[in-house]
file work.pdb (PDB, C-alpha atoms, pLDDT in the B column)
ATOM      1  CA  MET A  81     -62.820 104.360  85.938  1.00 71.00           C
ATOM      2  CA  GLU A  82     -61.790 105.141  89.486  1.00 75.00           C
ATOM      3  CA  THR A  83     -59.275 107.870  88.620  1.00 83.00           C
ATOM      4  CA  PRO A  84     -59.403 110.489  85.857  1.00 86.00           C
ATOM      5  CA  VAL A  85     -57.731 109.624  82.563  1.00 89.00           C
ATOM      6  CA  GLU A  86     -54.274 111.188  82.213  1.00 93.00           C
ATOM      7  CA  ILE A  87     -53.282 112.257  78.706  1.00 93.00           C
ATOM      8  CA  ASP A  88     -49.766 113.640  78.313  1.00 94.00           C
ATOM      9  CA  PHE A  89     -48.712 115.352  75.089  1.00 94.00           C
ATOM     10  CA  GLN A  90     -44.924 115.377  74.659  1.00 93.00           C
ATOM     11  CA  GLY A  91     -43.229 117.520  72.019  1.00 92.00           C
ATOM     12  CA  MET A  92     -46.543 118.981  70.868  1.00 92.00           C
ATOM     13  CA  SER A  93     -49.336 121.227  72.084  1.00 93.00           C
ATOM     14  CA  PRO A  94     -52.362 119.560  73.665  1.00 93.00           C
ATOM     15  CA  ASP A  95     -55.013 118.932  71.029  1.00 92.00           C
ATOM     16  CA  GLU A  96     -58.648 118.677  72.145  1.00 94.00           C
ATOM     17  CA  ALA A  97     -59.669 116.640  69.076  1.00 94.00           C
ATOM     18  CA  VAL A  98     -56.957 114.072  69.851  1.00 93.00           C
ATOM     19  CA  ARG A  99     -57.905 114.131  73.544  1.00 92.00           C
ATOM     20  CA  ASP A 100     -61.562 113.449  72.606  1.00 94.00           C
ATOM     21  CA  ALA A 101     -60.568 110.620  70.254  1.00 94.00           C
ATOM     22  CA  ALA A 102     -58.425 109.063  72.978  1.00 92.00           C
ATOM     23  CA  ARG A 103     -61.266 109.315  75.509  1.00 91.00           C
ATOM     24  CA  GLY A 104     -63.521 107.598  72.958  1.00 92.00           C
ATOM     25  CA  TYR A 105     -61.074 104.696  72.610  1.00 92.00           C
ATOM     26  CA  ILE A 106     -60.766 104.437  76.384  1.00 89.00           C
ATOM     27  CA  ALA A 107     -64.566 104.447  76.783  1.00 89.00           C
ATOM     28  CA  GLY A 108     -64.738 101.666  74.192  1.00 89.00           C
ATOM     29  CA  LEU A 109     -62.279  99.580  76.213  1.00 88.00           C
ATOM     30  CA  GLU A 110     -64.282 100.208  79.394  1.00 86.00           C
ATOM     31  CA  ASN A 111     -67.558  99.292  77.701  1.00 85.00           C
ATOM     32  CA  ARG A 112     -66.075  96.086  76.364  1.00 81.00           C
ATOM     33  CA  PHE A 113     -64.106  94.968  79.424  1.00 78.00           C
ATOM     34  CA  GLY A 114     -65.385  97.088  82.328  1.00 76.00           C
ATOM     35  CA  ARG A 115     -62.353  96.384  84.497  1.00 72.00           C
ATOM     36  CA  ILE A 116     -60.142  99.430  84.018  1.00 83.00           C
ATOM     37  CA  THR A 117     -59.406 101.440  87.178  1.00 87.00           C
ATOM     38  CA  ALA A 118     -56.905 103.954  85.733  1.00 89.00           C
ATOM     39  CA  CYS A 119     -55.438 104.984  82.397  1.00 91.00           C
ATOM     40  CA  ARG A 120     -52.375 107.033  81.464  1.00 93.00           C
ATOM     41  CA  LEU A 121     -51.766 107.877  77.814  1.00 93.00           C
ATOM     42  CA  VAL A 122     -48.546 109.444  76.502  1.00 94.00           C
ATOM     43  CA  ILE A 123     -48.465 110.815  72.962  1.00 92.00           C
ATOM     44  CA  ARG A 124     -44.959 111.704  71.822  1.00 91.00           C
ATOM     45  CA  ALA A 125     -44.680 113.827  68.685  1.00 90.00           C
ATOM     46  CA  PRO A 126     -42.154 113.073  65.949  1.00 86.00           C
ATOM     47  CA  GLY A 127     -38.902 114.676  66.840  1.00 74.00           C
ATOM     48  CA  GLY A 128     -35.979 113.561  64.763  1.00 55.00           C
ATOM     49  CA  HIS A 129     -35.327 110.461  66.855  1.00 52.00           C
ATOM     50  CA  HIS A 130     -32.764 108.300  65.132  1.00 48.00           C
ATOM     51  CA  ARG A 131     -35.064 105.294  65.644  1.00 51.00           C
ATOM     52  CA  THR A 132     -38.440 106.690  64.696  1.00 48.00           C
ATOM     53  CA  GLY A 133     -37.785 109.763  62.561  1.00 60.00           C
ATOM     54  CA  GLY A 134     -41.088 111.516  61.863  1.00 81.00           C
ATOM     55  CA  LEU A 135     -43.306 108.946  63.568  1.00 87.00           C
ATOM     56  CA  PHE A 136     -45.606 109.331  66.574  1.00 89.00           C
ATOM     57  CA  GLU A 137     -45.003 107.159  69.632  1.00 90.00           C
ATOM     58  CA  ILE A 138     -48.012 106.159  71.743  1.00 91.00           C
ATOM     59  CA  ASN A 139     -47.815 104.577  75.217  1.00 92.00           C
ATOM     60  CA  ILE A 140     -50.919 103.365  77.040  1.00 91.00           C
ATOM     61  CA  HIS A 141     -50.808 102.223  80.659  1.00 91.00           C
ATOM     62  CA  LEU A 142     -54.018 100.627  81.963  1.00 88.00           C
ATOM     63  CA  THR A 143     -54.493  99.610  85.584  1.00 86.00           C
ATOM     64  CA  LEU A 144     -56.883  96.755  86.340  1.00 79.00           C
ATOM     65  CA  PRO A 145     -58.331  95.431  89.618  1.00 76.00           C
ATOM     66  CA  ASN A 146     -55.967  93.661  92.037  1.00 74.00           C
ATOM     67  CA  GLY A 147     -52.985  95.673  90.810  1.00 75.00           C
ATOM     68  CA  LYS A 148     -52.836  94.040  87.363  1.00 78.00           C
ATOM     69  CA  GLU A 149     -51.581  96.230  84.536  1.00 82.00           C
ATOM     70  CA  VAL A 150     -51.582  96.361  80.760  1.00 82.00           C
ATOM     71  CA  VAL A 151     -48.901  98.417  79.049  1.00 84.00           C
ATOM     72  CA  ALA A 152     -49.119  98.931  75.313  1.00 82.00           C
ATOM     73  CA  SER A 153     -46.222 100.796  73.730  1.00 78.00           C
ATOM     74  CA  ARG A 154     -46.293 101.487  70.044  1.00 70.00           C
ATOM     75  CA  THR A 155     -42.867 102.715  69.066  1.00 66.00           C
ATOM     76  CA  PRO A 156     -42.877 101.958  65.365  1.00 63.00           C
ATOM     77  CA  HIS A 157     -39.836 101.055  63.353  1.00 66.00           C
ATOM     78  CA  ARG A 158     -39.961 102.364  59.798  1.00 68.00           C
ATOM     79  CA  ASP A 159     -43.767 102.165  59.576  1.00 74.00           C
ATOM     80  CA  GLU A 160     -44.599 105.419  57.817  1.00 83.00           C
ATOM     81  CA  ARG A 161     -48.278 105.036  58.670  1.00 85.00           C
ATOM     82  CA  HIS A 162     -47.343 106.193  62.191  1.00 84.00           C
ATOM     83  CA  SER A 163     -46.549 109.641  60.812  1.00 88.00           C
ATOM     84  CA  ASP A 164     -50.341 110.127  60.905  1.00 89.00           C
ATOM     85  CA  LEU A 165     -51.435 110.736  64.521  1.00 91.00           C
ATOM     86  CA  ALA A 166     -54.950 109.335  63.965  1.00 91.00           C
ATOM     87  CA  PHE A 167     -53.509 106.068  62.619  1.00 91.00           C
ATOM     88  CA  ALA A 168     -50.888 105.854  65.377  1.00 90.00           C
ATOM     89  CA  LEU A 169     -53.536 106.372  68.069  1.00 92.00           C
ATOM     90  CA  HIS A 170     -55.893 103.785  66.534  1.00 91.00           C
ATOM     91  CA  ASP A 171     -53.069 101.243  66.173  1.00 88.00           C
ATOM     92  CA  ALA A 172     -51.946 101.727  69.792  1.00 89.00           C
ATOM     93  CA  PHE A 173     -55.457 101.230  71.147  1.00 90.00           C
ATOM     94  CA  LYS A 174     -55.940  98.163  68.942  1.00 88.00           C
ATOM     95  CA  HIS A 175     -52.758  96.735  70.478  1.00 86.00           C
ATOM     96  CA  ALA A 176     -53.975  97.657  73.993  1.00 87.00           C
ATOM     97  CA  ARG A 177     -57.346  95.990  73.307  1.00 87.00           C
ATOM     98  CA  ARG A 178     -55.623  92.706  72.405  1.00 84.00           C
ATOM     99  CA  GLN A 179     -53.449  92.827  75.518  1.00 82.00           C
ATOM    100  CA  LEU A 180     -56.418  93.742  77.708  1.00 82.00           C
ATOM    101  CA  GLN A 181     -58.437  90.885  76.235  1.00 81.00           C
ATOM    102  CA  ASP A 182     -55.622  88.443  77.083  1.00 77.00           C
ATOM    103  CA  GLN A 183     -55.363  89.842  80.622  1.00 74.00           C
ATOM    104  CA  VAL A 184     -59.127  89.601  81.219  1.00 69.00           C
ATOM    105  CA  ARG A 185     -59.126  85.984  79.992  1.00 73.00           C
ATOM    106  CA  HIS A 186     -56.305  85.264  82.402  1.00 69.00           C
ATOM    107  CA  LEU A 187     -58.150  86.951  85.299  1.00 64.00           C
ATOM    108  CA  GLU A 188     -61.272  84.917  84.515  1.00 67.00           C
ATOM    109  CA  GLY A 189     -59.297  81.672  84.345  1.00 66.00           C
ATOM    110  CA  GLN A 190     -60.028  81.111  80.665  1.00 58.00           C
ATOM    111  CA  VAL A 191     -56.392  80.743  79.662  1.00 52.00           C
ATOM    112  CA  LYS A 192     -55.580  77.237  78.544  1.00 54.00           C
ATOM    113  CA  SER A 193     -52.519  75.729  80.089  1.00 56.00           C
ATOM    114  CA  HIS A 194     -50.319  73.944  77.637  1.00 56.00           C
ATOM    115  CA  VAL A 195     -49.452  70.592  79.125  1.00 68.00           C
ATOM    116  CA  GLY A 196     -46.823  68.529  77.391  1.00 76.00           C
ATOM    117  CA  PRO A 197     -46.985  64.810  76.735  1.00 85.00           C
ATOM    118  CA  PRO A 198     -46.850  62.495  79.758  1.00 88.00           C
ATOM    119  CA  ILE A 199     -43.441  61.450  81.033  1.00 90.00           C
ATOM    120  CA  GLY A 200     -42.636  57.926  82.112  1.00 91.00           C
ATOM    121  CA  ILE A 201     -39.764  55.591  82.875  1.00 94.00           C
ATOM    122  CA  VAL A 202     -39.096  52.371  81.035  1.00 94.00           C
ATOM    123  CA  THR A 203     -39.468  49.676  83.697  1.00 94.00           C
ATOM    124  CA  ARG A 204     -39.038  46.570  81.578  1.00 93.00           C
ATOM    125  CA  ILE A 205     -37.814  45.905  78.062  1.00 95.00           C
ATOM    126  CA  GLU A 206     -37.948  42.718  75.995  1.00 94.00           C
ATOM    127  CA  PRO A 207     -35.578  43.459  73.093  1.00 92.00           C
ATOM    128  CA  THR A 208     -35.950  40.087  71.370  1.00 93.00           C
ATOM    129  CA  GLU A 209     -39.756  40.242  71.576  1.00 94.00           C
ATOM    130  CA  GLY A 210     -39.898  43.924  70.506  1.00 95.00           C
ATOM    131  CA  PHE A 211     -41.903  45.410  73.364  1.00 95.00           C
ATOM    132  CA  GLY A 212     -41.600  46.933  76.803  1.00 94.00           C
ATOM    133  CA  PHE A 213     -43.427  48.694  79.610  1.00 94.00           C
ATOM    134  CA  ILE A 214     -43.414  52.298  80.824  1.00 94.00           C
ATOM    135  CA  GLU A 215     -44.402  53.389  84.316  1.00 90.00           C
ATOM    136  CA  ASP A 216     -46.273  56.687  84.143  1.00 87.00           C
ATOM    137  CA  GLU A 217     -46.289  59.431  86.797  1.00 81.00           C
ATOM    138  CA  ASP A 218     -49.287  57.765  88.492  1.00 77.00           C
ATOM    139  CA  GLY A 219     -47.446  54.449  88.832  1.00 80.00           C
ATOM    140  CA  ARG A 220     -49.442  52.671  86.113  1.00 84.00           C
ATOM    141  CA  GLU A 221     -47.656  50.269  83.792  1.00 90.00           C
ATOM    142  CA  ILE A 222     -48.252  50.925  80.101  1.00 92.00           C
ATOM    143  CA  TYR A 223     -47.296  48.565  77.268  1.00 94.00           C
ATOM    144  CA  PHE A 224     -45.446  49.788  74.166  1.00 95.00           C
ATOM    145  CA  HIS A 225     -44.277  48.089  70.972  1.00 94.00           C
ATOM    146  CA  ARG A 226     -41.016  48.528  69.092  1.00 95.00           C
ATOM    147  CA  ASN A 227     -42.883  50.334  66.276  1.00 94.00           C
ATOM    148  CA  SER A 228     -44.132  52.970  68.754  1.00 93.00           C
ATOM    149  CA  VAL A 229     -40.622  54.229  69.516  1.00 94.00           C
ATOM    150  CA  LEU A 230     -39.713  57.255  67.416  1.00 92.00           C
ATOM    151  CA  ASP A 231     -36.589  57.615  65.293  1.00 90.00           C
ATOM    152  CA  GLY A 232     -35.831  53.870  65.404  1.00 90.00           C
ATOM    153  CA  LYS A 233     -34.409  54.201  68.935  1.00 93.00           C
ATOM    154  CA  PHE A 234     -35.937  51.026  70.396  1.00 94.00           C
ATOM    155  CA  GLY A 235     -32.429  49.577  70.739  1.00 92.00           C
ATOM    156  CA  HIS A 236     -31.385  52.559  72.912  1.00 92.00           C
ATOM    157  CA  LEU A 237     -34.011  51.834  75.561  1.00 93.00           C
ATOM    158  CA  LYS A 238     -33.228  50.145  78.862  1.00 92.00           C
ATOM    159  CA  ALA A 239     -34.782  50.062  82.325  1.00 91.00           C
ATOM    160  CA  GLY A 240     -34.652  53.558  83.846  1.00 91.00           C
ATOM    161  CA  THR A 241     -34.779  55.438  80.542  1.00 93.00           C
ATOM    162  CA  ARG A 242     -37.046  58.505  80.733  1.00 93.00           C
ATOM    163  CA  VAL A 243     -39.460  58.896  77.818  1.00 94.00           C
ATOM    164  CA  THR A 244     -42.425  60.926  76.710  1.00 93.00           C
ATOM    165  CA  PHE A 245     -45.343  59.158  75.103  1.00 93.00           C
ATOM    166  CA  ALA A 246     -48.957  59.375  74.016  1.00 91.00           C
ATOM    167  CA  GLU A 247     -51.399  57.002  75.650  1.00 88.00           C
ATOM    168  CA  GLU A 248     -54.169  55.263  73.751  1.00 87.00           C
ATOM    169  CA  PRO A 249     -56.477  52.337  74.408  1.00 84.00           C
ATOM    170  CA  GLY A 250     -55.187  48.955  73.277  1.00 81.00           C
ATOM    171  CA  ASP A 251     -56.697  45.465  73.021  1.00 82.00           C
ATOM    172  CA  LYS A 252     -55.444  44.516  76.500  1.00 81.00           C
ATOM    173  CA  GLY A 253     -55.463  47.916  78.222  1.00 81.00           C
ATOM    174  CA  PRO A 254     -53.583  51.191  77.779  1.00 85.00           C
ATOM    175  CA  GLN A 255     -50.671  51.273  75.405  1.00 92.00           C
ATOM    176  CA  ALA A 256     -48.102  53.928  74.549  1.00 92.00           C
ATOM    177  CA  SER A 257     -47.551  55.345  71.102  1.00 88.00           C
ATOM    178  CA  THR A 258     -45.044  57.907  69.874  1.00 91.00           C
ATOM    179  CA  VAL A 259     -42.525  56.979  72.575  1.00 94.00           C
ATOM    180  CA  LYS A 260     -39.624  59.431  72.544  1.00 94.00           C
ATOM    181  CA  LEU A 261     -36.401  59.349  74.549  1.00 93.00           C
ATOM    182  CA  MET A 262     -35.828  62.390  76.754  1.00 87.00           C
ATOM    183  CA  GLY A 263     -32.575  64.312  76.873  1.00 70.00           C
ATOM    184  CA  LYS A 264     -29.369  63.204  75.269  1.00 55.00           C
ATOM    185  CA  HIS A 265     -29.902  59.523  75.969  1.00 47.00           C
ATOM    186  CA  GLY A 266     -33.145  59.620  77.933  1.00 44.00           C
ATOM    187  CA  LEU A 267     -31.426  58.719  81.202  1.00 44.00           C
ATOM    188  CA  ARG A 268     -32.449  60.074  84.601  1.00 41.00           C
TER     189      ARG A 268
END
call {"tool": "encode", "arguments": {"input": "work.pdb", "output": "structure tokens"}}
result
Amino acid sequence: METPVEIDFQGMSPDEAVRDAARGYIAGLENRFGRITACRLVIRAPGGHHRTGGLFEINIHLTLPNGKEVVASRTPHRDERHSDLAFALHDAFKHARRQLQDQVRHLEGQVKSHVGPPIGIVTRIEPTEGFGFIEDEDGREIYFHRNSVLDGKFGHLKAGTRVTFAEEPGDKGPQASTVKLMGKHGLR
């Protein structure tokens, strides 16, 4: 860690045993992730708050390289286990560990992006024959059958209708399945 750990006791006297336990948790985070540059820990004693009553509140602020931060606040709501400082401290650091793990994955580019289904525009429809074609975002033409259109909405399709779909290989090239109209009527 580049800067000393700050531990602030609010509404209570500083406790060396708690300070040592907190330093142990922080060292565990550093050993596991090795990317923490600063840490500030606030331990707020129970104090008749209308929200928390006799429960400890723990706030952990971790600074990572490139100005990234992880803030874990454990302000419990009616969880009596937080009346025990050891439990409250452990729970807060467990929460911080999960957030730090997510942040490190993001920094390392391991976060999966959630891409939705492809979007296309109906270019041609043959209502009497029960099929049509969708142009995808790359300009390819993809066949679809009446049975591939969800919710029985084949009759609502016309040229220019925006749809989402799943692409799969067909006998004569790519074909669309699970075709779904976009928006109220799927129009541009």
call {"tool": "closest_residue", "arguments": {"input": "work.pdb", "among": "A:Pro254, A:Gln183, A:Asp88, A:Lys174", "to": "A:Tyr105", "atoms": "all atoms listed in the file"}}
result
A:Lys174
call {"tool": "closest_residue", "arguments": {"input": "work.pdb", "among": "A:Arg178, A:Lys260, A:Arg115, A:His162", "to": "A:Pro197", "atoms": "all atoms listed in the file"}}
result
A:Lys260
call {"tool": "closest_residue", "arguments": {"input": "work.pdb", "among": "A:Ile87, A:Gly147, A:Gly219, A:Ala107", "to": "A:Arg120", "atoms": "only C-alpha atoms"}}
result
A:Ile87
call {"tool": "atom_distance", "arguments": {"input": "work.pdb", "atom1": "atom CA of A:Ala172", "atom2": "atom CA of A:Leu135"}}
result
12.9 Å
call {"tool": "closest_residue", "arguments": {"input": "work.pdb", "among": "A:Thr208, A:Gln90, A:Thr241, A:Thr258", "to": "A:Val229", "atoms": "only C-alpha atoms"}}
result
A:Thr258
call {"tool": "resolve_selection", "arguments": {"input": "work.pdb", "expression": "the PyMOL selection byres ((chain A and resi 253) around 12)", "output": "ChimeraX atom specification"}}
result
/A:220-224,247-252,254-256
call {"tool": "atom_distance", "arguments": {"input": "work.pdb", "atom1": "atom CA of A:Glu137", "atom2": "atom CA of A:Gly108"}}
result
21.0 Å
call {"tool": "residues_near_point", "arguments": {"input": "work.pdb", "point": "(-62.6, 102.6, 80.3)", "cutoff": "10 Å", "atoms": "only C-alpha atoms", "output": "VMD selection string"}}
result
chain A and resid 81 to 82 85 103 to 119 142
call {"tool": "atom_distance", "arguments": {"input": "work.pdb", "atom1": "atom CA of A:Ala176", "atom2": "atom CA of A:Gly127"}}
result
23.8 Å
call {"tool": "closest_residue", "arguments": {"input": "work.pdb", "among": "A:Ala246, A:Phe136, A:Phe89, A:Phe213", "to": "A:Arg161", "atoms": "all atoms listed in the file"}}
result
A:Phe136
call {"tool": "resolve_selection", "arguments": {"input": "work.pdb", "expression": "the PyMOL selection byres ((chain A and resi 226) around 10)", "output": "number ranges by chain"}}
result
A: 205-207, 209-212, 224-225, 227-230, 232-235, 257, 259
call {"tool": "resolve_selection", "arguments": {"input": "work.pdb", "expression": "the PyMOL selection byres ((chain A and resi 138) around 8)", "output": "PyMOL selection string"}}
result
chain A and resi 121-124+136-137+139-140+153-155+168-169+172
call {"tool": "write_last_selection", "arguments": {"input": "work.pdb", "atoms": "C-alpha atoms", "output": "PDB file, in the frame of the given file"}}
result
ATOM      1  CA  LEU A 121     -51.766 107.877  77.814  1.00 93.00           C
ATOM      2  CA  VAL A 122     -48.546 109.444  76.502  1.00 94.00           C
ATOM      3  CA  ILE A 123     -48.465 110.815  72.962  1.00 92.00           C
ATOM      4  CA  ARG A 124     -44.959 111.704  71.822  1.00 91.00           C
ATOM      5  CA  PHE A 136     -45.606 109.331  66.574  1.00 89.00           C
ATOM      6  CA  GLU A 137     -45.003 107.159  69.632  1.00 90.00           C
ATOM      7  CA  ASN A 139     -47.815 104.577  75.217  1.00 92.00           C
ATOM      8  CA  ILE A 140     -50.919 103.365  77.040  1.00 91.00           C
ATOM      9  CA  SER A 153     -46.222 100.796  73.730  1.00 78.00           C
ATOM     10  CA  ARG A 154     -46.293 101.487  70.044  1.00 70.00           C
ATOM     11  CA  THR A 155     -42.867 102.715  69.066  1.00 66.00           C
ATOM     12  CA  ALA A 168     -50.888 105.854  65.377  1.00 90.00           C
ATOM     13  CA  LEU A 169     -53.536 106.372  68.069  1.00 92.00           C
ATOM     14  CA  ALA A 172     -51.946 101.727  69.792  1.00 89.00           C
TER      15      ALA A 172
END
call {"tool": "closest_residue", "arguments": {"input": "work.pdb", "among": "A:Thr244, A:Thr83, A:Leu165, A:Leu180", "to": "A:Arg99", "atoms": "all atoms listed in the file"}}
result
A:Leu165
call {"tool": "build_atoms", "arguments": {"input": "work.pdb", "residues": "stretch 218-242 of chain A", "atoms": "N, CA and C atoms", "output": "PDB file, in the coordinates of the input"}}
result
ATOM      1  N   ASP A 218     -48.321  58.279  87.515  1.00 77.00           N
ATOM      2  CA  ASP A 218     -49.287  57.765  88.492  1.00 77.00           C
ATOM      3  C   ASP A 218     -48.948  56.352  88.948  1.00 77.00           C
ATOM      4  N   GLY A 219     -47.850  55.794  88.439  1.00 80.00           N
ATOM      5  CA  GLY A 219     -47.446  54.449  88.832  1.00 80.00           C
ATOM      6  C   GLY A 219     -48.078  53.340  88.011  1.00 80.00           C
ATOM      7  N   ARG A 220     -48.832  53.695  86.970  1.00 84.00           N
ATOM      8  CA  ARG A 220     -49.442  52.671  86.113  1.00 84.00           C
ATOM      9  C   ARG A 220     -48.408  52.149  85.122  1.00 84.00           C
ATOM     10  N   GLU A 221     -48.541  50.876  84.773  1.00 90.00           N
ATOM     11  CA  GLU A 221     -47.656  50.269  83.792  1.00 90.00           C
ATOM     12  C   GLU A 221     -48.356  50.260  82.442  1.00 90.00           C
ATOM     13  N   ILE A 222     -47.672  50.781  81.431  1.00 92.00           N
ATOM     14  CA  ILE A 222     -48.252  50.925  80.101  1.00 92.00           C
ATOM     15  C   ILE A 222     -47.363  50.208  79.091  1.00 92.00           C
ATOM     16  N   TYR A 223     -47.965  49.357  78.301  1.00 94.00           N
ATOM     17  CA  TYR A 223     -47.296  48.565  77.268  1.00 94.00           C
ATOM     18  C   TYR A 223     -46.902  49.464  76.090  1.00 94.00           C
ATOM     19  N   PHE A 224     -45.775  49.168  75.445  1.00 95.00           N
ATOM     20  CA  PHE A 224     -45.446  49.788  74.166  1.00 95.00           C
ATOM     21  C   PHE A 224     -44.748  48.775  73.274  1.00 95.00           C
ATOM     22  N   HIS A 225     -44.880  48.978  71.969  1.00 94.00           N
ATOM     23  CA  HIS A 225     -44.277  48.089  70.972  1.00 94.00           C
ATOM     24  C   HIS A 225     -43.101  48.801  70.317  1.00 94.00           C
ATOM     25  N   ARG A 226     -42.193  48.019  69.791  1.00 95.00           N
ATOM     26  CA  ARG A 226     -41.016  48.528  69.092  1.00 95.00           C
ATOM     27  C   ARG A 226     -41.388  49.610  68.065  1.00 95.00           C
ATOM     28  N   ASN A 227     -42.462  49.400  67.326  1.00 94.00           N
ATOM     29  CA  ASN A 227     -42.883  50.334  66.276  1.00 94.00           C
ATOM     30  C   ASN A 227     -43.385  51.668  66.831  1.00 94.00           C
ATOM     31  N   SER A 228     -43.655  51.731  68.138  1.00 93.00           N
ATOM     32  CA  SER A 228     -44.132  52.970  68.754  1.00 93.00           C
ATOM     33  C   SER A 228     -42.994  53.906  69.143  1.00 93.00           C
ATOM     34  N   VAL A 229     -41.771  53.421  69.112  1.00 94.00           N
ATOM     35  CA  VAL A 229     -40.622  54.229  69.516  1.00 94.00           C
ATOM     36  C   VAL A 229     -40.156  55.045  68.313  1.00 94.00           C
ATOM     37  N   LEU A 230     -40.076  56.351  68.504  1.00 92.00           N
ATOM     38  CA  LEU A 230     -39.713  57.255  67.416  1.00 92.00           C
ATOM     39  C   LEU A 230     -38.235  57.146  67.043  1.00 92.00           C
ATOM     40  N   ASP A 231     -37.955  57.514  65.823  1.00 90.00           N
ATOM     41  CA  ASP A 231     -36.589  57.615  65.293  1.00 90.00           C
ATOM     42  C   ASP A 231     -35.815  56.304  65.353  1.00 90.00           C
ATOM     43  N   GLY A 232     -36.501  55.154  65.389  1.00 90.00           N
ATOM     44  CA  GLY A 232     -35.831  53.870  65.404  1.00 90.00           C
ATOM     45  C   GLY A 232     -34.931  53.662  66.616  1.00 90.00           C
ATOM     46  N   LYS A 233     -35.279  54.250  67.755  1.00 93.00           N
ATOM     47  CA  LYS A 233     -34.409  54.201  68.935  1.00 93.00           C
ATOM     48  C   LYS A 233     -34.808  53.111  69.928  1.00 93.00           C
ATOM     49  N   PHE A 234     -35.550  52.108  69.491  1.00 94.00           N
ATOM     50  CA  PHE A 234     -35.937  51.026  70.396  1.00 94.00           C
ATOM     51  C   PHE A 234     -34.698  50.377  71.023  1.00 94.00           C
ATOM     52  N   GLY A 235     -33.659  50.207  70.257  1.00 92.00           N
ATOM     53  CA  GLY A 235     -32.429  49.577  70.739  1.00 92.00           C
ATOM     54  C   GLY A 235     -31.694  50.406  71.794  1.00 92.00           C
ATOM     55  N   HIS A 236     -32.023  51.695  71.918  1.00 92.00           N
ATOM     56  CA  HIS A 236     -31.385  52.559  72.912  1.00 92.00           C
ATOM     57  C   HIS A 236     -32.082  52.500  74.268  1.00 92.00           C
ATOM     58  N   LEU A 237     -33.240  51.855  74.317  1.00 93.00           N
ATOM     59  CA  LEU A 237     -34.011  51.834  75.561  1.00 93.00           C
ATOM     60  C   LEU A 237     -33.487  50.773  76.523  1.00 93.00           C
ATOM     61  N   LYS A 238     -33.540  51.103  77.801  1.00 92.00           N
ATOM     62  CA  LYS A 238     -33.228  50.145  78.862  1.00 92.00           C
ATOM     63  C   LYS A 238     -33.996  50.580  80.095  1.00 92.00           C
ATOM     64  N   ALA A 239     -34.068  49.733  81.093  1.00 91.00           N
ATOM     65  CA  ALA A 239     -34.782  50.062  82.325  1.00 91.00           C
ATOM     66  C   ALA A 239     -34.195  51.339  82.909  1.00 91.00           C
ATOM     67  N   GLY A 240     -35.077  52.286  83.276  1.00 91.00           N
ATOM     68  CA  GLY A 240     -34.652  53.558  83.846  1.00 91.00           C
ATOM     69  C   GLY A 240     -34.613  54.697  82.845  1.00 91.00           C
ATOM     70  N   THR A 241     -34.787  54.395  81.557  1.00 93.00           N
ATOM     71  CA  THR A 241     -34.779  55.438  80.542  1.00 93.00           C
ATOM     72  C   THR A 241     -36.051  56.270  80.662  1.00 93.00           C
ATOM     73  N   ARG A 242     -35.889  57.602  80.688  1.00 93.00           N
ATOM     74  CA  ARG A 242     -37.046  58.505  80.733  1.00 93.00           C
ATOM     75  C   ARG A 242     -37.532  58.752  79.315  1.00 93.00           C
TER      76      ARG A 242
END
